[in-house]
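K.L.:
Contents of upload-v5.pdb (PDB, C-alpha atoms) are given next:
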```
ATOM      1  CA  MET A  17     -75.407 -10.399-139.521
ATOM      2  CA  THR A  18     -72.725 -12.963-140.288
ATOM      3  CA  MET A  19     -69.637 -13.252-138.113
ATOM      4  CA  TYR A  20     -66.860 -15.725-138.823
ATOM      5  CA  PRO A  21     -64.864 -17.794-136.310
ATOM      6  CA  TRP A  22     -61.602 -15.963-137.011
ATOM      7  CA  GLN A  23     -63.126 -12.525-136.285
ATOM      8  CA  GLY A  24     -63.885 -12.949-132.586
ATOM      9  CA  ALA A  25     -60.716 -11.315-131.255
ATOM     10  CA  ALA A  26     -61.061  -8.384-133.682
ATOM     11  CA  TRP A  27     -64.670  -7.864-132.574
ATOM     12  CA  SER A  28     -63.629  -7.759-128.913
ATOM     13  CA  GLN A  29     -60.879  -5.270-129.719
ATOM     14  CA  LEU A  30     -63.346  -3.101-131.612
ATOM     15  CA  GLN A  31     -65.702  -2.897-128.631
ATOM     16  CA  GLN A  32     -62.990  -1.126-126.651
ATOM     17  CA  MET A  33     -63.267   1.796-129.115
ATOM     18  CA  ARG A  34     -67.000   2.338-128.612
ATOM     19  CA  ALA A  35     -66.653   4.611-125.591
ATOM     20  CA  ARG A  36     -64.733   7.118-127.743
ATOM     21  CA  LEU A  37     -65.815   6.164-131.232
ATOM     22  CA  PRO A  38     -63.823   7.762-134.086
ATOM     23  CA  HIS A  39     -65.842   9.509-136.768
ATOM     24  CA  ALA A  40     -64.316   7.252-139.427
ATOM     25  CA  ILE A  41     -62.867   3.739-139.175
ATOM     26  CA  LEU A  42     -61.087   2.109-142.105
ATOM     27  CA  PHE A  43     -61.131  -1.675-141.857
ATOM     28  CA  HIS A  44     -58.485  -3.320-143.995
ATOM     29  CA  GLY A  45     -57.262  -6.789-144.859
ATOM     30  CA  PRO A  46     -57.120  -9.268-147.742
ATOM     31  CA  ALA A  47     -60.142  -9.734-149.988
ATOM     32  CA  GLY A  48     -62.330 -12.737-149.355
ATOM     33  CA  THR A  49     -61.903 -12.819-145.567
ATOM     34  CA  GLY A  50     -65.264 -11.346-144.532
ATOM     35  CA  LYS A  51     -64.600  -7.627-143.994
ATOM     36  CA  ALA A  52     -67.888  -6.528-145.565
ATOM     37  CA  ASP A  53     -69.924  -8.821-143.329
ATOM     38  CA  PHE A  54     -67.934  -7.683-140.290
ATOM     39  CA  ILE A  55     -68.609  -3.987-140.819
ATOM     40  CA  GLU A  56     -72.285  -4.625-141.624
ATOM     41  CA  ALA A  57     -72.538  -6.443-138.286
ATOM     42  CA  PHE A  58     -70.827  -3.527-136.515
ATOM     43  CA  ALA A  59     -73.115  -1.007-138.213
ATOM     44  CA  GLN A  60     -76.178  -2.935-137.021
ATOM     45  CA  ALA A  61     -74.735  -3.099-133.496
ATOM     46  CA  LEU A  62     -74.129   0.683-133.444
ATOM     47  CA  LEU A  63     -77.752   1.316-134.387
ATOM     48  CA  CYS A  64     -79.250  -1.391-132.152
ATOM     49  CA  GLU A  65     -81.478  -0.137-129.312
ATOM     50  CA  SER A  66     -80.687  -3.086-127.009
ATOM     51  CA  PRO A  67     -77.120  -4.272-127.719
ATOM     52  CA  GLN A  68     -76.197  -7.614-126.196
ATOM     53  CA  PRO A  69     -73.244  -8.434-123.927
ATOM     54  CA  GLY A  70     -70.170  -8.383-126.109
ATOM     55  CA  GLY A  71     -71.567  -5.571-128.230
ATOM     56  CA  HIS A  72     -73.603  -7.626-130.701
ATOM     57  CA  ALA A  73     -76.927  -6.386-132.028
ATOM     58  CA  CYS A  74     -79.984  -7.904-130.345
ATOM     59  CA  GLY A  75     -81.692  -8.757-133.631
ATOM     60  CA  THR A  76     -85.168  -8.126-132.206
ATOM     61  CA  CYS A  77     -85.593  -4.369-131.636
ATOM     62  CA  ALA A  78     -87.250  -2.061-134.159
ATOM     63  CA  SER A  79     -83.853  -0.750-135.288
ATOM     64  CA  CYS A  80     -82.563  -4.267-136.025
ATOM     65  CA  GLY A  81     -85.771  -5.019-137.929
ATOM     66  CA  TRP A  82     -85.301  -1.982-140.148
ATOM     67  CA  PHE A  83     -81.646  -2.825-140.659
ATOM     68  CA  VAL A  84     -82.326  -6.405-141.731
ATOM     69  CA  GLN A  85     -84.999  -5.154-144.152
ATOM     70  CA  HIS A  86     -82.476  -2.641-145.588
ATOM     71  CA  ASN A  87     -84.578   0.428-144.788
ATOM     72  CA  HIS A  88     -83.075   1.858-141.592
ATOM     73  CA  PRO A  89     -83.526   5.677-141.743
ATOM     74  CA  ASP A  90     -80.156   6.338-140.099
ATOM     75  CA  TYR A  91     -78.092   4.012-142.252
ATOM     76  CA  ARG A  92     -76.637   4.318-145.732
ATOM     77  CA  ARG A  93     -74.522   1.853-147.698
ATOM     78  CA  VAL A  94     -72.318   3.138-150.546
ATOM     79  CA  ARG A  95     -70.966   0.612-153.050
ATOM     80  CA  PRO A  96     -70.337   0.396-156.800
ATOM     81  CA  GLU A  97     -73.362  -0.111-159.038
ATOM     82  CA  VAL A  98     -72.117  -3.568-159.981
ATOM     83  CA  PHE A  99     -73.381  -4.957-156.706
ATOM     84  CA  GLU A 100     -75.420  -2.246-155.024
ATOM     85  CA  ASP A 101     -78.693  -4.178-155.371
ATOM     86  CA  ASP A 102     -77.666  -6.883-152.910
ATOM     87  CA  LEU A 103     -75.881  -7.460-149.644
ATOM     88  CA  PRO A 104     -72.340  -8.827-149.973
ATOM     89  CA  ALA A 105     -72.451 -12.008-152.017
ATOM     90  CA  ASP A 106     -70.815 -14.753-149.963
ATOM     91  CA  GLY A 107     -68.882 -12.149-148.014
ATOM     92  CA  GLU A 108     -66.686 -11.259-150.957
ATOM     93  CA  ASP A 109     -65.630  -7.822-149.664
ATOM     94  CA  GLY A 110     -66.640  -6.006-152.792
ATOM     95  CA  GLU A 111     -65.279  -8.487-155.300
ATOM     96  CA  ALA A 112     -68.545  -9.303-157.046
ATOM     97  CA  GLY A 113     -72.269  -8.797-156.938
ATOM     98  CA  THR A 114     -75.588  -8.650-158.706
ATOM     99  CA  LYS A 115     -75.546  -6.938-162.066
ATOM    100  CA  SER A 116     -77.809  -4.035-162.826
ATOM    101  CA  LYS A 117     -80.932  -4.661-164.899
ATOM    102  CA  SER A 118     -79.943  -1.785-167.170
ATOM    103  CA  THR A 119     -78.528  -2.574-170.575
ATOM    104  CA  LYS A 120     -75.587  -0.341-169.660
ATOM    105  CA  ALA A 121     -72.775  -2.194-167.925
ATOM    106  CA  PRO A 122     -72.938  -1.367-164.205
ATOM    107  CA  SER A 123     -70.057   0.723-162.940
ATOM    108  CA  LYS A 124     -67.298  -0.837-160.842
ATOM    109  CA  GLU A 125     -66.518   2.604-159.378
ATOM    110  CA  ILE A 126     -68.036   4.609-156.546
ATOM    111  CA  LYS A 127     -68.975   7.889-158.202
ATOM    112  CA  ILE A 128     -69.155  11.451-156.925
ATOM    113  CA  GLU A 129     -72.967  11.458-157.204
ATOM    114  CA  GLN A 130     -73.126   8.684-154.624
ATOM    115  CA  ILE A 131     -71.094  10.771-152.169
ATOM    116  CA  ARG A 132     -73.114  13.913-152.875
ATOM    117  CA  ASN A 133     -76.313  11.983-152.256
ATOM    118  CA  LEU A 134     -75.234  11.595-148.638
ATOM    119  CA  SER A 135     -75.605  15.345-148.003
ATOM    120  CA  ASP A 136     -79.328  15.371-147.268
ATOM    121  CA  PHE A 137     -78.998  12.240-145.151
ATOM    122  CA  MET A 138     -76.285  13.805-143.003
ATOM    123  CA  ASN A 139     -78.038  17.172-142.603
ATOM    124  CA  ILE A 140     -81.314  15.964-141.102
ATOM    125  CA  SER A 141     -81.947  14.812-137.552
ATOM    126  CA  THR A 142     -81.547  11.153-136.787
ATOM    127  CA  HIS A 143     -84.687   9.093-136.368
ATOM    128  CA  ARG A 144     -84.286   8.326-132.663
ATOM    129  CA  GLN A 145     -81.556  10.771-131.624
ATOM    130  CA  GLY A 146     -78.919   8.081-132.028
ATOM    131  CA  LEU A 147     -76.036   7.694-134.442
ATOM    132  CA  ARG A 148     -76.196   7.799-138.199
ATOM    133  CA  VAL A 149     -73.924   5.285-139.911
ATOM    134  CA  VAL A 150     -72.443   5.276-143.410
ATOM    135  CA  VAL A 151     -70.797   2.077-144.677
ATOM    136  CA  LEU A 152     -68.624   2.330-147.797
ATOM    137  CA  TYR A 153     -66.775  -0.489-149.524
ATOM    138  CA  PRO A 154     -64.530  -1.258-151.208
ATOM    139  CA  ALA A 155     -62.909   2.117-150.600
ATOM    140  CA  GLU A 156     -60.451   1.620-153.467
ATOM    141  CA  ALA A 157     -63.458   1.722-155.839
ATOM    142  CA  LEU A 158     -63.801   5.462-155.195
ATOM    143  CA  ASN A 159     -62.902   7.355-158.344
ATOM    144  CA  MET A 160     -60.906  10.551-157.947
ATOM    145  CA  PRO A 161     -63.851  13.018-157.855
ATOM    146  CA  ALA A 162     -65.637  10.787-155.333
ATOM    147  CA  SER A 163     -62.464  10.496-153.228
ATOM    148  CA  ASN A 164     -62.139  14.281-153.090
ATOM    149  CA  ALA A 165     -65.810  14.722-152.180
ATOM    150  CA  LEU A 166     -65.523  12.134-149.406
ATOM    151  CA  LEU A 167     -62.355  13.809-148.159
ATOM    152  CA  LYS A 168     -64.221  17.084-147.626
ATOM    153  CA  THR A 169     -66.836  15.262-145.565
ATOM    154  CA  LEU A 170     -64.206  13.463-143.489
ATOM    155  CA  GLU A 171     -62.421  16.764-142.838
ATOM    156  CA  GLU A 172     -65.619  18.257-141.363
ATOM    157  CA  PRO A 173     -67.679  15.282-140.229
ATOM    158  CA  PRO A 174     -71.289  15.973-139.249
ATOM    159  CA  PRO A 175     -71.955  15.388-135.532
ATOM    160  CA  GLY A 176     -73.275  11.975-134.610
ATOM    161  CA  THR A 177     -72.144  10.408-137.895
ATOM    162  CA  VAL A 178     -69.828   7.407-138.148
ATOM    163  CA  PHE A 179     -68.189   6.288-141.381
ATOM    164  CA  LEU A 180     -67.192   2.628-141.670
ATOM    165  CA  LEU A 181     -64.964   2.013-144.684
ATOM    166  CA  SER A 182     -63.431  -1.226-145.893
ATOM    167  CA  SER A 183     -60.438  -1.730-148.152
ATOM    168  CA  ASN A 184     -58.652  -4.697-149.677
ATOM    169  CA  SER A 185     -55.675  -2.534-150.657
ATOM    170  CA  LEU A 186     -54.647   0.523-148.616
ATOM    171  CA  ASP A 187     -52.010   1.533-151.165
ATOM    172  CA  ARG A 188     -54.792   2.344-153.653
ATOM    173  CA  LEU A 189     -56.333   5.023-151.397
ATOM    174  CA  LEU A 190     -55.475   8.697-151.163
ATOM    175  CA  PRO A 191     -53.043   9.353-148.296
ATOM    176  CA  THR A 192     -55.310  12.201-147.165
ATOM    177  CA  ILE A 193     -58.226   9.784-146.728
ATOM    178  CA  LEU A 194     -56.000   7.356-144.837
ATOM    179  CA  SER A 195     -54.908  10.138-142.497
ATOM    180  CA  ARG A 196     -58.494  11.014-141.572
ATOM    181  CA  CYS A 197     -59.567   7.495-140.624
ATOM    182  CA  ARG A 198     -58.696   5.259-137.706
ATOM    183  CA  LYS A 199     -57.229   2.175-139.356
ATOM    184  CA  PHE A 200     -58.349  -1.207-138.039
ATOM    185  CA  ALA A 201     -56.756  -4.390-139.368
ATOM    186  CA  LEU A 202     -58.979  -7.435-139.800
ATOM    187  CA  PRO A 203     -57.252 -10.823-139.686
ATOM    188  CA  THR A 204     -56.739 -13.505-142.263
ATOM    189  CA  PRO A 205     -57.538 -16.853-140.648
ATOM    190  CA  SER A 206     -54.826 -19.441-140.279
ATOM    191  CA  HIS A 207     -54.826 -22.163-142.906
ATOM    192  CA  GLY A 208     -56.201 -24.616-140.358
ATOM    193  CA  GLU A 209     -59.046 -22.298-139.292
ATOM    194  CA  ALA A 210     -60.013 -21.536-142.867
ATOM    195  CA  LEU A 211     -59.812 -25.164-143.946
ATOM    196  CA  ALA A 212     -61.987 -26.313-141.035
ATOM    197  CA  TRP A 213     -64.595 -23.672-141.882
ATOM    198  CA  LEU A 214     -64.647 -24.620-145.570
ATOM    199  CA  LYS A 215     -65.111 -28.275-144.691
ATOM    200  CA  GLU A 216     -68.048 -27.281-142.478
ATOM    201  CA  GLN A 217     -69.568 -25.623-145.560
ATOM    202  CA  GLY A 218     -69.186 -28.894-147.454
ATOM    203  CA  VAL A 219     -66.588 -27.637-149.941
ATOM    204  CA  PRO A 220     -64.979 -30.550-151.833
ATOM    205  CA  ASP A 221     -61.214 -30.395-152.358
ATOM    206  CA  ALA A 222     -61.207 -27.523-149.847
ATOM    207  CA  ASP A 223     -57.427 -27.415-149.432
ATOM    208  CA  SER A 224     -56.796 -26.788-153.146
ATOM    209  CA  TRP A 225     -59.482 -24.110-153.389
ATOM    210  CA  LEU A 226     -58.137 -22.383-150.300
ATOM    211  CA  ARG A 227     -54.518 -22.393-151.469
ATOM    212  CA  GLU A 228     -55.464 -21.171-154.937
ATOM    213  CA  GLN A 229     -57.355 -18.228-153.395
ATOM    214  CA  GLY A 230     -54.385 -17.212-151.288
ATOM    215  CA  GLY A 231     -55.838 -18.420-147.990
ATOM    216  CA  ALA A 232     -59.056 -16.364-148.288
ATOM    217  CA  PRO A 233     -61.860 -18.718-147.218
ATOM    218  CA  LEU A 234     -64.835 -16.738-148.515
ATOM    219  CA  ALA A 235     -63.185 -16.333-151.901
ATOM    220  CA  ALA A 236     -62.503 -20.074-151.918
ATOM    221  CA  LEU A 237     -66.134 -20.828-151.049
ATOM    222  CA  ALA A 238     -67.438 -18.504-153.761
ATOM    223  CA  GLU A 239     -65.139 -19.972-156.406
ATOM    224  CA  SER A 240     -65.950 -23.561-155.443
ATOM    225  CA  THR A 241     -69.678 -22.787-155.607
ATOM    226  CA  ASN A 242     -69.973 -20.457-158.576
ATOM    227  CA  GLY A 243     -66.637 -20.498-160.307
ATOM    228  CA  SER A 244     -64.981 -22.697-162.813
ATOM    229  CA  ARG A 245     -61.409 -23.828-162.928
ATOM    230  CA  GLU A 246     -61.436 -23.792-166.736
ATOM    231  CA  ASP A 247     -59.772 -20.389-167.155
ATOM    232  CA  MET A 248     -57.378 -20.997-164.293
ATOM    233  CA  GLU A 249     -56.364 -24.399-165.614
ATOM    234  CA  ALA A 250     -55.765 -22.989-169.105
ATOM    235  CA  LEU A 251     -53.490 -20.322-167.650
ATOM    236  CA  LEU A 252     -51.642 -22.685-165.310
ATOM    237  CA  HIS A 253     -51.134 -25.207-168.099
ATOM    238  CA  PHE A 254     -49.407 -22.492-170.116
ATOM    239  CA  LEU A 255     -47.397 -21.129-167.160
ATOM    240  CA  ALA A 256     -46.105 -24.645-166.491
ATOM    241  CA  ARG A 257     -44.898 -25.041-170.101
ATOM    242  CA  PRO A 258     -44.298 -21.565-171.571
ATOM    243  CA  ALA A 259     -43.606 -21.064-175.273
ATOM    244  CA  PRO A 260     -44.258 -18.138-177.653
ATOM    245  CA  ASP A 261     -46.819 -19.954-179.815
ATOM    246  CA  ALA A 262     -48.570 -21.286-176.709
ATOM    247  CA  ALA A 263     -48.693 -17.744-175.312
ATOM    248  CA  LEU A 264     -50.616 -16.513-178.354
ATOM    249  CA  ARG A 265     -53.033 -19.454-178.284
ATOM    250  CA  THR A 266     -53.644 -19.075-174.566
ATOM    251  CA  ALA A 267     -54.204 -15.316-174.891
ATOM    252  CA  GLU A 268     -56.814 -15.980-177.577
ATOM    253  CA  LYS A 269     -58.560 -18.471-175.331
ATOM    254  CA  LEU A 270     -58.492 -16.194-172.267
ATOM    255  CA  ALA A 271     -59.339 -12.894-173.966
ATOM    256  CA  LYS A 272     -62.813 -12.877-172.342
ATOM    257  CA  ALA A 273     -61.676 -14.056-168.913
ATOM    258  CA  GLU A 274     -61.643 -11.756-165.879
ATOM    259  CA  LEU A 275     -58.338  -9.933-166.247
ATOM    260  CA  PRO A 276     -57.811  -9.122-162.545
ATOM    261  CA  ALA A 277     -58.206 -12.851-161.826
ATOM    262  CA  LEU A 278     -55.677 -13.772-164.520
ATOM    263  CA  VAL A 279     -53.184 -11.308-163.067
ATOM    264  CA  SER A 280     -53.743 -12.613-159.546
ATOM    265  CA  TRP A 281     -53.251 -16.244-160.618
ATOM    266  CA  THR A 282     -50.058 -15.282-162.451
ATOM    267  CA  GLN A 283     -48.774 -13.341-159.441
ATOM    268  CA  ARG A 284     -49.333 -16.389-157.243
ATOM    269  CA  TRP A 285     -47.600 -18.671-159.731
ATOM    270  CA  LEU A 286     -44.591 -16.378-159.857
ATOM    271  CA  TYR A 287     -44.524 -16.233-156.075
ATOM    272  CA  ASP A 288     -44.394 -20.038-155.995
ATOM    273  CA  VAL A 289     -41.554 -20.146-158.548
ATOM    274  CA  PHE A 290     -39.551 -17.593-156.583
ATOM    275  CA  SER A 291     -40.329 -19.222-153.233
ATOM    276  CA  TYR A 292     -39.303 -22.648-154.510
ATOM    277  CA  LYS A 293     -36.080 -21.220-155.925
ATOM    278  CA  LEU A 294     -35.172 -19.656-152.585
ATOM    279  CA  SER A 295     -36.493 -22.172-150.078
ATOM    280  CA  GLY A 296     -38.115 -25.139-151.787
ATOM    281  CA  ASN A 297     -41.567 -24.093-150.524
ATOM    282  CA  ILE A 298     -44.805 -23.850-152.521
ATOM    283  CA  ARG A 299     -47.814 -21.940-151.189
ATOM    284  CA  TYR A 300     -50.492 -21.706-153.865
ATOM    285  CA  TYR A 301     -50.142 -24.553-156.363
ATOM    286  CA  PRO A 302     -48.624 -27.619-154.679
ATOM    287  CA  ARG A 303     -50.260 -29.877-157.292
ATOM    288  CA  TYR A 304     -47.841 -28.321-159.807
ATOM    289  CA  GLN A 305     -44.759 -29.038-157.714
ATOM    290  CA  LYS A 306     -42.904 -30.872-160.506
ATOM    291  CA  GLU A 307     -43.399 -28.055-163.035
ATOM    292  CA  LEU A 308     -42.621 -25.312-160.512
ATOM    293  CA  ALA A 309     -39.420 -27.085-159.477
ATOM    294  CA  ALA A 310     -38.297 -27.365-163.107
ATOM    295  CA  LEU A 311     -38.953 -23.682-163.766
ATOM    296  CA  ALA A 312     -37.252 -22.598-160.550
ATOM    297  CA  GLY A 313     -34.194 -24.596-161.550
ATOM    298  CA  ARG A 314     -33.683 -22.883-164.881
ATOM    299  CA  VAL A 315     -34.985 -19.321-164.462
ATOM    300  CA  GLN A 316     -32.540 -16.595-163.402
ATOM    301  CA  ALA A 317     -33.442 -14.591-160.304
ATOM    302  CA  PRO A 318     -32.966 -11.096-161.853
ATOM    303  CA  GLY A 319     -35.233 -11.939-164.788
ATOM    304  CA  LEU A 320     -37.811 -13.480-162.472
ATOM    305  CA  LEU A 321     -37.855 -10.367-160.294
ATOM    306  CA  ARG A 322     -38.354  -8.187-163.390
ATOM    307  CA  VAL A 323     -41.361 -10.167-164.553
ATOM    308  CA  ILE A 324     -42.812 -10.184-161.028
ATOM    309  CA  LYS A 325     -42.528  -6.387-160.938
ATOM    310  CA  ALA A 326     -44.105  -6.085-164.388
ATOM    311  CA  VAL A 327     -47.058  -8.320-163.495
ATOM    312  CA  ASN A 328     -47.605  -6.396-160.253
ATOM    313  CA  GLU A 329     -47.769  -3.179-162.274
ATOM    314  CA  ARG A 330     -50.312  -4.738-164.627
ATOM    315  CA  ARG A 331     -52.714  -5.207-161.724
ATOM    316  CA  ALA A 332     -53.290  -1.447-161.600
ATOM    317  CA  VAL A 333     -54.654  -1.355-165.162
ATOM    318  CA  ALA A 334     -56.309  -4.777-165.343
ATOM    319  CA  ASP A 335     -59.789  -3.290-164.860
ATOM    320  CA  HIS A 336     -59.436  -0.906-167.796
ATOM    321  CA  PRO A 337     -57.172  -2.361-170.524
ATOM    322  CA  LEU A 338     -57.187  -0.877-174.013
ATOM    323  CA  SER A 339     -57.413  -4.396-175.431
ATOM    324  CA  ALA A 340     -57.993  -7.472-173.271
ATOM    325  CA  LYS A 341     -56.374  -9.822-175.785
ATOM    326  CA  LEU A 342     -53.244  -7.675-176.158
ATOM    327  CA  PHE A 343     -53.069  -7.270-172.393
ATOM    328  CA  VAL A 344     -52.972 -11.053-171.903
ATOM    329  CA  GLU A 345     -50.595 -11.591-174.843
ATOM    330  CA  ASP A 346     -48.090  -9.076-173.496
ATOM    331  CA  MET A 347     -48.191 -10.572-170.025
ATOM    332  CA  LEU A 348     -47.716 -14.138-171.231
ATOM    333  CA  LEU A 349     -44.995 -13.286-173.746
ATOM    334  CA  GLU A 350     -43.095 -11.342-171.091
ATOM    335  CA  TYR A 351     -43.301 -14.378-168.829
ATOM    336  CA  THR A 352     -42.198 -16.666-171.661
ATOM    337  CA  ALA A 353     -39.122 -14.542-172.376
ATOM    338  CA  CYS A 354     -38.088 -14.873-168.748
ATOM    339  CA  CYS A 355     -38.605 -18.633-168.521
ATOM    340  CA  THR A 356     -37.314 -19.942-171.864
TER     341      THR A 356
END
```
How does this structure look as structure tokens?
P.N.:
Amino acid sequence: MTMYPWQGAAWSQLQQMRARLPHAILFHGPAGTGKADFIEAFAQALLCESPQPGGHACGTCASCGWFVQHNHPDYRRVRPEVFEDDLPADGEDGEAGTKSKSTKAPSKEIKIEQIRNLSDFMNISTHRQGLRVVVLYPAEALNMPASNALLKTLEEPPPGTVFLLSSNSLDRLLPTILSRCRKFALPTPSHGEALAWLKEQGVPDADSWLREQGGAPLAALAESTNGSREDMEALLHFLARPAPDAALRTAEKLAKAELPALVSWTQRWLYDVFSYKLSGNIRYYPRYQKELAALAGRVQAPGLLRVIKAVNERRAVADHPLSAKLFVEDMLLEYTACCT
């Protein structure tokens, strides 16, 4: 399984827990930094019959063979339908995946049926008297019934069972689930580490992609390979020169764009405006330095803080808006009122 250069220290720290392994570990950190790949590698290592020095799976035993072929009898992976047919795509930590072949849109949630389906698995003997491992990510995709069902299992964990959960956002999980897991932070690489890795992957304009994805190298790689800057550029062009009529035109153009992405790009833009106003620094969009400087010079701090708070709140409902077009219109008009 894939391991990334910035995860070595975390892997070594994790090995110290193996002598007294908790029944549930919640790995957390920013999206796009390789958490899903990390916990898949740890799951394989836990099931491996001949682990290597340093705790890595051998890759050659029968257990590793089953794991790589996705049919290990003592392993279950729980993810939303939207990408349950494949392993993590480009290490995106549950941000994307292969769509279902059904005509019905695949669910982005982890449902209660998926948690209930673990019952038989957890109540039979393990194949070779070893551990059984359940990997679940992203944990914030659990809907409320599924969260409650998982909570009951975590309260009375079956013997010999280890749960490995991953989350991009701990504040979106039930406090009771958090309290029943050992939390383990996974690092975001430094800008230099991430940039060097992206250049090794042959990513053109790697610095811009990396900054625009908030320093998350796997997200930057995925966007540079599969994504398009068209929607982002349309949004940034408007944010640089806000006006009411432009807000309506831009909302029309972006009505079919991924709303969580639009919110994230706007959040980063607002961060840059606020950061430039306070310190003259720009993190995400240095190629827009002239426009950001002009906005920072004329916007008032209280109004800017209000719109930042409002956009942050929109992130919670971006996956399920009543109307995508109205959602974008409201966000852009609110921004315009602050900046003009």
K.L.:
List the residues sitting within 7 Å of (-77.0, 9.9, -141.3) in the file's frame, using only C-alpha atoms, as a VMD selection string.
P.N.:
chain A and resid 90 to 91 137 to 138 142 148 to 150 177
K.L.:
Centre and edge lengths of an axis-aligned box around all listed atoms of region 298-307 of chain A, with 6 Å added on each side, are to be given in Å to one decimal, as lines of an AutoDock Vina configuration file.
P.N.:
```
center_x = -46.7
center_y = -26.3
center_z = -157.1
size_x = 19.6
size_y = 21.2
size_z = 23.8
```
K.L.:
Residue by residue, what does the PyMOL selection byres ((chain A and resi 266-279) around 9) grab here? Present the result as a ChimeraX atom specification.
P.N.:
/A:247-248,250-251,254,261-265,280-284,327-328,330-335,337,339-348
K.L.:
Using the chain letters and residue numbers of this document, give as a ChimeraX atom specification the residues selected by the PyMOL selection byres ((chain A and resi 295-309) around 12).
P.N.:
/A:207,223-232,248-249,252-258,280-294,310-315,355
K.L.:
Those residues with C-alpha atoms, as a short mmCIF file (atom, residue, chain, number, x, y, z; two decimals), in the coordinates of the input please?
P.N.:
```
data_model
loop_
_atom_site.label_atom_id
_atom_site.label_comp_id
_atom_site.auth_asym_id
_atom_site.auth_seq_id
_atom_site.Cartn_x
_atom_site.Cartn_y
_atom_site.Cartn_z
CA HIS A 207 -54.83 -22.16 -142.91
CA ASP A 223 -57.43 -27.42 -149.43
CA SER A 224 -56.80 -26.79 -153.15
CA TRP A 225 -59.48 -24.11 -153.39
CA LEU A 226 -58.14 -22.38 -150.30
CA ARG A 227 -54.52 -22.39 -151.47
CA GLU A 228 -55.46 -21.17 -154.94
CA GLN A 229 -57.36 -18.23 -153.40
CA GLY A 230 -54.38 -17.21 -151.29
CA GLY A 231 -55.84 -18.42 -147.99
CA ALA A 232 -59.06 -16.36 -148.29
CA MET A 248 -57.38 -21.00 -164.29
CA GLU A 249 -56.36 -24.40 -165.61
CA LEU A 252 -51.64 -22.68 -165.31
CA HIS A 253 -51.13 -25.21 -168.10
CA PHE A 254 -49.41 -22.49 -170.12
CA LEU A 255 -47.40 -21.13 -167.16
CA ALA A 256 -46.10 -24.64 -166.49
CA ARG A 257 -44.90 -25.04 -170.10
CA PRO A 258 -44.30 -21.56 -171.57
CA SER A 280 -53.74 -12.61 -159.55
CA TRP A 281 -53.25 -16.24 -160.62
CA THR A 282 -50.06 -15.28 -162.45
CA GLN A 283 -48.77 -13.34 -159.44
CA ARG A 284 -49.33 -16.39 -157.24
CA TRP A 285 -47.60 -18.67 -159.73
CA LEU A 286 -44.59 -16.38 -159.86
CA TYR A 287 -44.52 -16.23 -156.07
CA ASP A 288 -44.39 -20.04 -156.00
CA VAL A 289 -41.55 -20.15 -158.55
CA PHE A 290 -39.55 -17.59 -156.58
CA SER A 291 -40.33 -19.22 -153.23
CA TYR A 292 -39.30 -22.65 -154.51
CA LYS A 293 -36.08 -21.22 -155.93
CA LEU A 294 -35.17 -19.66 -152.58
CA ALA A 310 -38.30 -27.36 -163.11
CA LEU A 311 -38.95 -23.68 -163.77
CA ALA A 312 -37.25 -22.60 -160.55
CA GLY A 313 -34.19 -24.60 -161.55
CA ARG A 314 -33.68 -22.88 -164.88
CA VAL A 315 -34.98 -19.32 -164.46
CA CYS A 355 -38.60 -18.63 -168.52
#
```
K.L.:
Carefully work through the PyMOL selection byres ((chain A and resi 186-190) around 8) for this structure and note down the residues it includes, as a ChimeraX atom specification.
P.N.:
/A:44,155-156,163,183-185,191-194
K.L.:
Can those selected residues be exported to a file as a PDB file, in the frame of the given file so that it contains C-alpha atoms?
P.N.:
```
ATOM      1  CA  HIS A  44     -58.485  -3.320-143.995  1.00  0.00           C
ATOM      2  CA  ALA A 155     -62.909   2.117-150.600  1.00  0.00           C
ATOM      3  CA  GLU A 156     -60.451   1.620-153.467  1.00  0.00           C
ATOM      4  CA  SER A 163     -62.464  10.496-153.228  1.00  0.00           C
ATOM      5  CA  SER A 183     -60.438  -1.730-148.152  1.00  0.00           C
ATOM      6  CA  ASN A 184     -58.652  -4.697-149.677  1.00  0.00           C
ATOM      7  CA  SER A 185     -55.675  -2.534-150.657  1.00  0.00           C
ATOM      8  CA  PRO A 191     -53.043   9.353-148.296  1.00  0.00           C
ATOM      9  CA  THR A 192     -55.310  12.201-147.165  1.00  0.00           C
ATOM     10  CA  ILE A 193     -58.226   9.784-146.728  1.00  0.00           C
ATOM     11  CA  LEU A 194     -56.000   7.356-144.837  1.00  0.00           C
TER      12      LEU A 194
END
```
K.L.:
Tell me which protein, DNA and RNA residues are within 10 Å of region 32-38 of chain A, counting all atoms listed in the file, leaving out same-chain ones fewer than 2 positions away, and put them as a list in words.
P.N.:
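Once the adjacent positions are removed, what remains is Trp27, Ser28, Gln29, Leu30, Ala40, Ile41, Leu62, Gly71, Thr177, Val178, Phe179, Leu180, Arg196, Cys197 and Arg198 of chain A.
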K.L.:
Would you compute the distance between CA of Gln217 (chain A) and CA of Thr76 (chain A)? Give it in Å to one decimal.
P.N.:
27.0 Å
K.L.:
With distances taken over all atoms listed in the file, which residue among A:Leu234, A:Val84, A:Leu321, A:Ala121 lies nearest Lys51 (chain A)?
P.N.:
A:Leu234
